[in-house]
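File shown: run_7.cif (mmCIF, C-alpha atoms).
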data_my_file
loop_
_atom_site.label_atom_id
_atom_site.label_comp_id
_atom_site.auth_asym_id
_atom_site.auth_seq_id
_atom_site.Cartn_x
_atom_site.Cartn_y
_atom_site.Cartn_z
CA MET A 1393 23.83 3.03 -29.71
CA THR A 1394 24.92 5.76 -32.10
CA ASP A 1395 27.96 5.66 -34.41
CA SER A 1396 29.84 8.17 -32.25
CA ALA A 1397 29.21 5.98 -29.23
CA ASN A 1398 30.62 2.95 -31.09
CA VAL A 1399 33.76 4.90 -31.97
CA THR A 1400 34.19 5.91 -28.35
CA VAL A 1401 33.93 2.30 -27.18
CA GLN A 1402 36.41 1.14 -29.84
CA GLU A 1403 38.93 3.80 -28.77
CA GLN A 1404 38.59 2.72 -25.15
CA ILE A 1405 39.24 -0.91 -26.15
CA GLN A 1406 42.32 0.02 -28.22
CA THR A 1407 43.82 2.22 -25.51
CA GLY A 1408 43.03 -0.26 -22.76
CA ALA A 1409 41.00 2.29 -20.83
CA PRO A 1410 38.03 1.03 -18.78
CA ILE A 1411 34.82 1.03 -20.79
CA LYS A 1412 32.27 3.50 -19.51
CA ALA A 1413 28.56 3.00 -20.01
CA VAL A 1414 27.04 5.32 -22.57
CA LYS A 1415 24.16 7.24 -21.02
CA SER A 1416 21.15 8.28 -23.05
CA VAL A 1417 19.91 11.81 -22.48
CA GLU A 1418 16.21 12.59 -22.74
CA LEU A 1419 15.24 16.20 -23.40
CA TYR A 1420 12.71 17.74 -21.03
CA ASP A 1421 10.64 20.79 -21.90
CA PHE A 1422 10.04 22.83 -18.73
CA ARG A 1423 7.50 24.96 -20.59
CA ARG A 1424 5.32 21.89 -21.11
CA PRO A 1425 5.92 19.38 -18.33
CA THR A 1426 4.31 16.04 -19.21
CA THR A 1427 5.78 13.84 -16.51
CA LEU A 1428 3.52 12.13 -13.98
CA ALA A 1429 4.36 12.51 -10.33
CA ARG A 1430 5.51 9.28 -8.75
CA ASP A 1431 2.52 9.05 -6.41
CA HIS A 1432 0.09 9.68 -9.25
CA ALA A 1433 1.84 7.20 -11.55
CA ARG A 1434 1.63 4.43 -8.96
CA VAL A 1435 -2.10 4.97 -8.37
CA LEU A 1436 -2.79 4.96 -12.10
CA GLU A 1437 -0.64 1.86 -12.68
CA LEU A 1438 -2.64 -0.08 -10.08
CA ALA A 1439 -5.92 1.05 -11.66
CA PHE A 1440 -4.80 0.12 -15.19
CA GLU A 1441 -3.50 -3.27 -13.99
CA THR A 1442 -6.90 -3.99 -12.44
CA PHE A 1443 -8.57 -2.95 -15.70
CA ALA A 1444 -6.25 -5.25 -17.68
CA ARG A 1445 -7.31 -8.25 -15.58
CA GLN A 1446 -11.01 -7.37 -15.85
CA TRP A 1447 -10.76 -6.73 -19.58
CA GLY A 1448 -8.95 -10.04 -20.15
CA THR A 1449 -11.68 -11.92 -18.29
CA GLN A 1450 -14.37 -10.21 -20.34
CA ILE A 1451 -12.68 -11.02 -23.67
CA THR A 1452 -12.09 -14.64 -22.58
CA ALA A 1453 -15.82 -15.05 -21.93
CA ARG A 1454 -16.70 -13.41 -25.25
CA VAL A 1455 -14.35 -15.17 -27.66
CA ARG A 1456 -14.25 -18.49 -25.73
CA ALA A 1457 -10.45 -18.53 -25.80
CA LEU A 1458 -8.01 -17.76 -23.00
CA CYS A 1459 -7.04 -14.09 -23.12
CA THR A 1460 -4.30 -12.57 -20.97
CA ILE A 1461 -3.84 -8.79 -20.84
CA THR A 1462 -0.99 -7.05 -19.02
CA CYS A 1463 -0.34 -3.34 -18.56
CA ASP A 1464 3.15 -2.51 -19.83
CA GLN A 1465 3.43 1.25 -19.41
CA VAL A 1466 1.57 4.30 -18.13
CA LEU A 1467 2.68 7.78 -19.13
CA MET A 1468 1.41 11.27 -19.91
CA GLN A 1469 1.56 12.58 -23.48
CA THR A 1470 -0.05 15.25 -25.56
CA TYR A 1471 -2.69 13.99 -27.95
CA ASP A 1472 -0.47 14.96 -30.87
CA GLU A 1473 2.38 12.80 -29.51
CA TYR A 1474 0.00 9.92 -28.82
CA ALA A 1475 -1.58 10.00 -32.29
CA GLY A 1476 1.84 10.24 -33.91
CA SER A 1477 2.97 7.05 -32.14
CA LEU A 1478 0.08 4.99 -33.59
CA PRO A 1479 0.20 3.16 -36.92
CA PRO A 1480 -1.60 4.99 -39.75
CA LYS A 1481 -4.15 2.18 -40.21
CA THR A 1482 -5.66 1.00 -36.94
CA ALA A 1483 -8.96 0.78 -35.06
CA MET A 1484 -9.56 3.72 -32.73
CA VAL A 1485 -12.68 3.45 -30.57
CA LEU A 1486 -13.64 7.01 -29.61
CA CYS A 1487 -15.48 7.35 -26.30
CA THR A 1488 -17.43 10.44 -25.30
CA ILE A 1489 -16.84 11.77 -21.78
CA SER A 1490 -19.53 13.77 -20.05
CA ALA A 1491 -18.65 17.41 -19.25
CA LEU A 1492 -15.50 17.22 -21.42
CA GLU A 1493 -14.91 18.03 -25.06
CA ALA A 1494 -11.93 15.69 -25.36
CA LYS A 1495 -12.64 12.01 -25.95
CA SER A 1496 -11.04 8.85 -24.68
CA VAL A 1497 -9.51 6.39 -27.13
CA ILE A 1498 -9.23 2.60 -27.07
CA GLN A 1499 -6.84 1.66 -29.87
CA LEU A 1500 -6.06 -1.82 -31.17
CA PRO A 1501 -5.06 -3.32 -34.53
CA THR A 1502 -7.98 -3.88 -36.87
CA VAL A 1503 -6.90 -7.51 -37.37
CA THR A 1504 -7.18 -8.09 -33.61
CA GLY A 1505 -10.76 -6.83 -33.53
CA LEU A 1506 -11.68 -8.93 -36.57
CA THR A 1507 -10.14 -12.00 -34.90
CA TRP A 1508 -12.29 -11.43 -31.83
CA VAL A 1509 -15.41 -11.15 -33.96
CA ASN A 1510 -14.40 -14.29 -35.86
CA HIS A 1511 -14.22 -16.23 -32.58
CA MET A 1512 -17.56 -14.80 -31.41
CA LEU A 1513 -19.24 -15.96 -34.64
CA GLY A 1514 -17.97 -19.54 -34.25
CA GLY A 1515 -14.60 -19.39 -35.99
CA ASN A 1516 -11.42 -20.92 -34.63
CA GLY A 1517 -9.06 -18.06 -35.57
CA SER A 1518 -7.36 -20.00 -38.37
CA GLN A 1519 -8.91 -17.92 -41.16
CA VAL A 1520 -6.66 -15.39 -42.90
CA ILE A 1521 -8.04 -11.89 -42.24
CA PRO A 1522 -7.05 -9.04 -44.57
CA ALA A 1523 -5.16 -6.41 -42.61
CA GLY A 1524 -6.59 -3.44 -44.49
CA ARG A 1525 -10.35 -3.92 -44.38
CA ASN A 1526 -12.77 -2.17 -42.04
CA PHE A 1527 -15.54 -3.66 -39.92
CA THR A 1528 -18.80 -4.64 -41.56
CA PRO A 1529 -22.03 -3.38 -39.90
CA ILE A 1530 -22.46 -6.67 -38.02
CA GLU A 1531 -18.83 -6.70 -36.92
CA LEU A 1532 -19.10 -3.06 -35.91
CA ALA A 1533 -22.14 -3.79 -33.73
CA LEU A 1534 -20.30 -6.64 -31.98
CA MET A 1535 -17.22 -4.45 -31.42
CA ARG A 1536 -19.35 -1.64 -29.98
CA GLN A 1537 -20.88 -4.10 -27.54
CA MET A 1538 -17.43 -5.39 -26.47
CA MET A 1539 -16.12 -1.83 -26.03
CA THR A 1540 -19.18 -0.87 -23.97
CA GLU A 1541 -18.44 -3.78 -21.63
CA ALA A 1542 -14.78 -2.71 -21.54
CA LEU A 1543 -15.85 0.76 -20.38
CA GLU A 1544 -17.86 -0.86 -17.59
CA ASP A 1545 -14.69 -2.71 -16.53
CA LEU A 1546 -12.81 0.60 -16.71
CA ARG A 1547 -15.25 2.33 -14.37
CA TYR A 1548 -15.12 -0.59 -11.93
CA SER A 1549 -11.30 -0.65 -11.95
CA PHE A 1550 -10.83 3.08 -11.44
CA GLY A 1551 -13.58 3.50 -8.85
CA PRO A 1552 -13.65 7.07 -7.47
CA LEU A 1553 -10.96 8.18 -9.94
CA LEU A 1554 -13.58 8.29 -12.72
CA VAL A 1555 -16.50 10.61 -12.02
CA ASN A 1556 -17.53 11.17 -15.66
CA ASP A 1557 -19.71 8.91 -17.79
CA PHE A 1558 -18.00 7.15 -20.73
CA THR A 1559 -19.99 6.07 -23.81
CA VAL A 1560 -18.82 4.61 -27.12
CA ASP A 1561 -19.12 7.25 -29.84
CA GLY A 1562 -17.69 5.58 -32.93
CA ILE A 1563 -14.70 3.86 -34.53
CA GLN A 1564 -12.12 5.55 -36.73
CA TYR A 1565 -9.54 3.75 -38.87
CA ASN A 1566 -7.01 6.52 -39.53
CA SER A 1567 -4.99 7.71 -36.55
CA GLN A 1568 -4.08 10.99 -38.26
CA PHE A 1569 -7.67 12.02 -39.00
CA ALA A 1570 -9.29 10.91 -35.74
CA GLN A 1571 -9.50 14.15 -33.74
CA ALA A 1572 -10.34 12.90 -30.27
CA ALA A 1573 -8.77 15.94 -28.57
CA ALA A 1574 -6.83 19.11 -29.30
CA PRO A 1575 -3.18 18.49 -30.25
CA ALA A 1576 -1.88 20.06 -27.01
CA ASP A 1577 -4.36 18.31 -24.67
CA LEU A 1578 -2.65 16.05 -22.14
CA MET A 1579 -3.64 12.37 -22.16
CA ILE A 1580 -2.95 9.54 -19.73
CA VAL A 1581 -1.82 6.74 -22.05
CA ALA A 1582 -1.61 3.09 -21.01
CA THR A 1583 -0.06 0.40 -23.23
CA PHE A 1584 -1.31 -3.19 -22.98
CA SER A 1585 -0.07 -6.55 -24.29
CA ILE A 1586 -2.97 -8.79 -25.33
CA ARG A 1587 -2.30 -12.50 -25.73
CA ILE A 1588 -4.91 -14.89 -27.09
CA GLU A 1589 -3.65 -18.44 -27.51
CA ARG A 1590 -0.34 -17.98 -29.40
CA ASN A 1591 -1.01 -14.50 -30.77
CA THR A 1592 0.21 -11.38 -28.97
CA THR A 1593 -0.68 -7.83 -29.96
CA THR A 1594 -0.46 -4.35 -28.47
CA ALA A 1595 -3.33 -2.02 -27.59
CA THR A 1596 -3.48 1.41 -25.99
CA LEU A 1597 -5.96 3.32 -23.89
CA ALA A 1598 -5.80 7.12 -23.75
CA ILE A 1599 -7.86 9.08 -21.23
CA PRO A 1600 -7.82 12.89 -21.07
CA ALA A 1601 -5.82 14.00 -18.06
CA ALA A 1602 -8.59 16.44 -17.17
CA ALA A 1603 -10.83 13.44 -16.39
CA LEU A 1604 -8.40 11.92 -13.87
CA MET A 1605 -6.03 14.52 -12.40
CA PRO A 1606 -8.62 16.40 -10.26
CA GLN A 1607 -9.40 13.17 -8.39
CA LEU A 1608 -5.71 12.39 -7.83
CA GLY A 1609 -5.11 15.63 -5.91
CA GLU A 1610 -1.74 17.28 -5.39
CA ALA A 1611 1.38 15.16 -5.68
CA ASN A 1612 3.06 16.70 -2.62
CA PRO A 1613 0.39 18.52 -0.61
CA MET A 1614 1.66 21.15 1.80
CA ARG A 1615 -0.29 21.44 5.02
CA ILE A 1616 0.04 24.51 7.21
CA THR A 1617 -0.66 23.79 10.87
CA THR A 1618 -0.66 26.11 13.82
CA ASN A 1619 0.06 23.35 16.34
CA SER A 1620 3.17 21.95 14.66
CA ALA A 1621 5.08 22.12 17.97
CA GLU A 1622 2.56 19.78 19.60
CA TYR A 1623 2.83 17.35 16.66
CA LEU A 1624 6.61 17.41 16.91
CA GLN A 1625 6.56 16.78 20.66
CA ALA A 1626 4.09 13.92 20.28
CA GLN A 1627 6.24 12.36 17.56
CA LEU A 1628 9.43 12.65 19.60
CA ALA A 1629 7.70 11.06 22.59
CA ALA A 1630 6.87 8.02 20.45
CA VAL A 1631 10.42 7.44 19.14
CA PRO A 1632 12.24 4.59 20.99
CA VAL A 1633 15.70 5.37 22.40
CA ASP A 1634 18.51 3.29 23.89
CA VAL A 1635 18.96 3.61 27.67
CA ALA A 1636 22.19 2.50 29.37
CA LEU A 1637 23.76 2.36 32.83
CA ARG A 1638 27.30 3.69 32.85
CA LEU A 1639 30.21 4.27 35.15
CA THR A 1640 32.10 7.55 35.42
CA PRO A 1641 34.35 7.64 32.34
CA ALA A 1642 38.11 7.44 32.71
CA ARG A 1643 40.59 9.38 30.58
CA VAL A 1644 43.47 7.33 29.22
CA LEU A 1645 46.03 7.79 26.48
CA PRO A 1646 45.53 6.14 23.08
CA SER A 1647 48.77 4.24 23.57
CA ARG A 1648 47.25 2.65 26.68
CA ILE A 1649 44.21 1.53 24.73
CA LEU A 1650 46.29 0.12 21.85
CA SER A 1651 48.47 -1.88 24.26
CA LEU A 1652 45.61 -3.53 26.15
CA MET A 1653 45.98 -7.27 26.72
CA VAL A 1654 43.91 -9.94 28.40
CA GLY A 1655 44.24 -9.60 32.15
CA ASP A 1656 45.09 -5.87 32.21
CA VAL A 1657 43.33 -3.78 34.85
CA LEU A 1658 42.01 -0.29 34.14
CA PRO A 1659 41.11 1.79 37.22
CA ILE A 1660 37.73 3.52 36.88
CA PRO A 1661 37.22 6.71 38.95
CA HIS A 1662 33.77 5.66 40.10
CA PRO A 1663 33.28 5.32 43.90
CA LYS A 1664 31.81 2.05 45.10
CA HIS A 1665 29.05 3.78 47.05
CA ARG A 1666 27.99 6.05 44.13
CA PRO A 1667 25.02 4.95 41.97
CA LEU A 1668 25.46 4.49 38.24
CA ASP A 1669 24.35 7.05 35.67
CA LEU A 1670 21.22 6.29 33.69
CA ALA A 1671 21.95 7.86 30.30
CA VAL A 1672 20.43 8.29 26.88
CA GLY A 1673 23.27 8.77 24.43
CA ASP A 1674 25.70 11.22 26.05
CA GLN A 1675 23.09 12.76 28.35
CA ALA A 1676 22.77 11.48 31.94
CA LEU A 1677 19.14 11.75 33.00
CA ALA A 1678 19.04 9.94 36.33
CA ARG A 1679 20.99 7.83 38.78
CA ALA A 1680 20.20 4.22 39.51
CA ALA A 1681 21.44 1.24 41.48
CA VAL A 1682 21.92 -2.23 40.01
CA GLY A 1683 19.10 -4.63 40.82
CA ALA A 1684 17.35 -7.67 39.38
CA ASN A 1685 14.04 -8.47 37.72
CA GLY A 1686 13.65 -12.22 37.83
CA SER A 1687 16.58 -13.77 35.99
CA ARG A 1688 17.58 -10.49 34.33
CA LEU A 1689 19.55 -7.51 35.53
CA ALA A 1690 17.62 -4.32 36.16
CA CYS A 1691 18.16 -0.89 37.65
CA ILE A 1692 16.40 0.95 40.45
CA VAL A 1693 16.09 4.69 39.79
CA ILE A 1694 17.23 6.68 42.79
CA ASP A 1695 16.84 10.24 41.50
CA THR A 1696 16.00 11.91 38.23
CA GLU A 1697 18.14 15.01 38.50
CA GLU A 1698 19.45 15.76 35.03
CA SER A 1699 23.17 16.37 34.86
CA THR A 1700 25.43 17.89 32.24
CA PRO A 1701 27.32 15.37 30.10
#
Represent the supplied structure as structure tokens.
Amino acid sequence: MTDSANVTVQEQIQTGAPIKAVKSVELYDFRRPTTLARDHARVLELAFETFARQWGTQITARVRALCTITCDQVLMQTYDEYAGSLPPKTAMVLCTISALEAKSVIQLPTVTGLTWVNHMLGGNGSQVIPAGRNFTPIELALMRQMMTEALEDLRYSFGPLLVNDFTVDGIQYNSQFAQAAAPADLMIVATFSIRIERNTTTATLAIPAAALMPQLGEANPMRITTNSAEYLQAQLAAVPVDVALRLTPARVLPSRILSLMVGDVLPIPHPKHRPLDLAVGDQALARAAVGANGSRLACIVIDTEESTP
């Protein structure tokens, strides 16, 4: 909460006025819309959640320690915004995508990758790992193998949403110098929480929007049909309605209604020999006589001449 917001709350407390919630306003650039449609966001969230489970299982088998990965957020950003949100020193696995110049990025802290390699080589994770050092050639080979398996999990999780081939290209350690895409290119960015034993860290996965959006289709497709009247009639015929038997209504004053008591008699102008009206809402559609169907009341339709309400 900003200082001006604190002052406003304090003034409300001093004056005794009811405290109003301070709303945060997020600027939106209509010249560069970067918001996912709700339908698209839900499909991508399900795919990334499936990938998180598959990736966690793969890491568990590799490092021989229980790994739990959850997908926290899925959004659309430009590559410049995505790179600016990353720490300066981190591990960025660049993945080449067939038929596209932009690359996908799997980003995680360097210490996290070194901890995985330590477990794979027989360590127990208790060793102190320097935060600033890069991967050695052996560690780099093991990380490339793990990332290749992660890409296989990604393809399985996304299914028909991914039609391009993904291959590991290399690993960069500076988020400002790793040019995976043009600054204005849109990326689908997913944020993950990775927990191994008692340690929790954050990783991200950025996929160029051009690799996913064509398979998602339009958010709100408009379909032009020449037989819309037939569709409307078929839909109306399938909608259930309430049907009632009713007597001829009587007109009374409101004072008569308000003074009703138990035992009062209201005369109804409906002849004894006249059938009841079979009505849907205010529209009488037929006439029917009272009958029975087993232990329940029923009506016997006498005619179906529609009358004006």
Would you give me, as JSON lines, each residue of range 1576-1668 of chain A having an atom within 12 Å of an atom of range 1435-1457 of chain A, along with its shortest atom pair and that distance in Å to one decimal, using all atoms listed in the file and sorting by chain and residue number?
{"residue": "A:Ile1580", "atom": "CA", "partner": "A:Leu1436", "partner_atom": "CA", "distance": 8.9}
{"residue": "A:Val1581", "atom": "CA", "partner": "A:Phe1440", "partner_atom": "CA", "distance": 10.0}
{"residue": "A:Ala1582", "atom": "CA", "partner": "A:Phe1440", "partner_atom": "CA", "distance": 7.3}
{"residue": "A:Thr1583", "atom": "CA", "partner": "A:Phe1440", "partner_atom": "CA", "distance": 9.3}
{"residue": "A:Phe1584", "atom": "CA", "partner": "A:Ala1444", "partner_atom": "CA", "distance": 7.5}
{"residue": "A:Ser1585", "atom": "CA", "partner": "A:Ala1444", "partner_atom": "CA", "distance": 9.1}
{"residue": "A:Ile1586", "atom": "CA", "partner": "A:Gly1448", "partner_atom": "CA", "distance": 8.0}
{"residue": "A:Arg1587", "atom": "CA", "partner": "A:Gly1448", "partner_atom": "CA", "distance": 9.0}
{"residue": "A:Ile1588", "atom": "CA", "partner": "A:Ala1457", "partner_atom": "CA", "distance": 6.8}
{"residue": "A:Glu1589", "atom": "CA", "partner": "A:Ala1457", "partner_atom": "CA", "distance": 7.0}
{"residue": "A:Arg1590", "atom": "CA", "partner": "A:Ala1457", "partner_atom": "CA", "distance": 10.7}
{"residue": "A:Asn1591", "atom": "CA", "partner": "A:Ala1457", "partner_atom": "CA", "distance": 11.4}
{"residue": "A:Ala1595", "atom": "CA", "partner": "A:Ala1444", "partner_atom": "CA", "distance": 10.8}
{"residue": "A:Thr1596", "atom": "CA", "partner": "A:Phe1440", "partner_atom": "CA", "distance": 11.0}
{"residue": "A:Leu1597", "atom": "CA", "partner": "A:Phe1440", "partner_atom": "CA", "distance": 9.3}
{"residue": "A:Ala1598", "atom": "CA", "partner": "A:Phe1440", "partner_atom": "CA", "distance": 11.1}
{"residue": "A:Ile1599", "atom": "CA", "partner": "A:Leu1436", "partner_atom": "CA", "distance": 11.2}
{"residue": "A:Ala1601", "atom": "CA", "partner": "A:Leu1436", "partner_atom": "CA", "distance": 11.2}
{"residue": "A:Leu1604", "atom": "CA", "partner": "A:Leu1436", "partner_atom": "CA", "distance": 9.1}
{"residue": "A:Met1605", "atom": "CA", "partner": "A:Leu1436", "partner_atom": "CA", "distance": 10.1}
{"residue": "A:Gln1607", "atom": "CA", "partner": "A:Val1435", "partner_atom": "CA", "distance": 11.0}
{"residue": "A:Leu1608", "atom": "CA", "partner": "A:Val1435", "partner_atom": "CA", "distance": 8.3}
{"residue": "A:Gly1609", "atom": "CA", "partner": "A:Val1435", "partner_atom": "CA", "distance": 11.3}
{"residue": "A:Ala1611", "atom": "CA", "partner": "A:Val1435", "partner_atom": "CA", "distance": 11.1}
Proximity to Gln1537 in chain A - best of A:Pro1659, A:Gly1515, A:Gly1562, A:Pro1552, all atoms listed in the file =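 Smallest distance to Gln1537 in chain A is found for A:Gly1562.
Each of A:Glu1473, A:Glu1622, A:Asp1557, A:Asp1545 was checked against Cys1487 in chain A using only C-alpha atoms; the smallest atom-to-atom distance is that of A:Asp1557.
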Rounded to one decimal place, report the CA of Phe1527 in chain A-CA of Tyr1565 in chain A distance in Å.
->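 Computing the Euclidean distance for CA of Phe1527 in chain A and CA of Tyr1565 in chain A yields 9.6 Å.
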Any chance you could resolve the PyMOL selection byres ((chain A and resi 1501) around 8) against this file and give the residues as a list in words?
->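 What the PyMOL selection byres ((chain A and resi 1501) around 8) grabs from the file is Lys1481, Thr1482, Ala1483, Gln1499, Leu1500, Thr1502, Val1503, Thr1504, Gly1505, Thr1593, Thr1594 and Ala1595 of chain A.
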Convert the current residue selection to file output with C-alpha atoms, as a tab-separated table (two decimals), keeping the file's coordinate frame.
chain	number	residue	atom	x	y	z
A	1481	LYS	CA	-4.15	2.18	-40.21
A	1482	THR	CA	-5.66	1.00	-36.94
A	1483	ALA	CA	-8.96	0.78	-35.06
A	1499	GLN	CA	-6.84	1.66	-29.87
A	1500	LEU	CA	-6.06	-1.82	-31.17
A	1502	THR	CA	-7.98	-3.88	-36.87
A	1503	VAL	CA	-6.90	-7.51	-37.37
A	1504	THR	CA	-7.18	-8.09	-33.61
A	1505	GLY	CA	-10.76	-6.83	-33.53
A	1593	THR	CA	-0.68	-7.83	-29.96
A	1594	THR	CA	-0.46	-4.35	-28.47
A	1595	ALA	CA	-3.33	-2.02	-27.59
Between A:Leu1467, A:Phe1569, A:Leu1624, A:Ser1496, which one has atoms that come closest to Leu1546 in chain A, using only C-alpha atoms?
->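 Checking each of A:Leu1467, A:Phe1569, A:Leu1624, A:Ser1496 against Leu1546 in chain A, counting only C-alpha atoms, the winner is A:Ser1496.
Shortest atom-to-atom contact with Val1693 in chain A among A:Glu1493, A:Asp1561, A:Asp1669, A:Asp1577: A:Asp1669, counting only C-alpha atoms.
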Report the distance between CA of Val1654 in chain A and CA of Arg1666 in chain A in Å, rounded to one decimal place.
->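 A separation of 27.5 Å between them.
Going from CA of Gly1476 in chain A to CA of Pro1575 in chain A covers 10.3 Å.
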Which residues match the PyMOL selection byres ((chain A and resi 1559) around 6) in the file above, as a PyMOL selection string?
-> chain A and resi 1487-1488+1558+1560
Identify, on the basis of all atoms listed in the file, every residue whose closest approach to Ala1603 in chain A does not exceed 8 Å; exclude the query and any residue fewer than 3 positions from it along the same chain; express the result as a PyMOL selection string.
-> chain A and resi 1492+1554-1556+1599-1600+1606
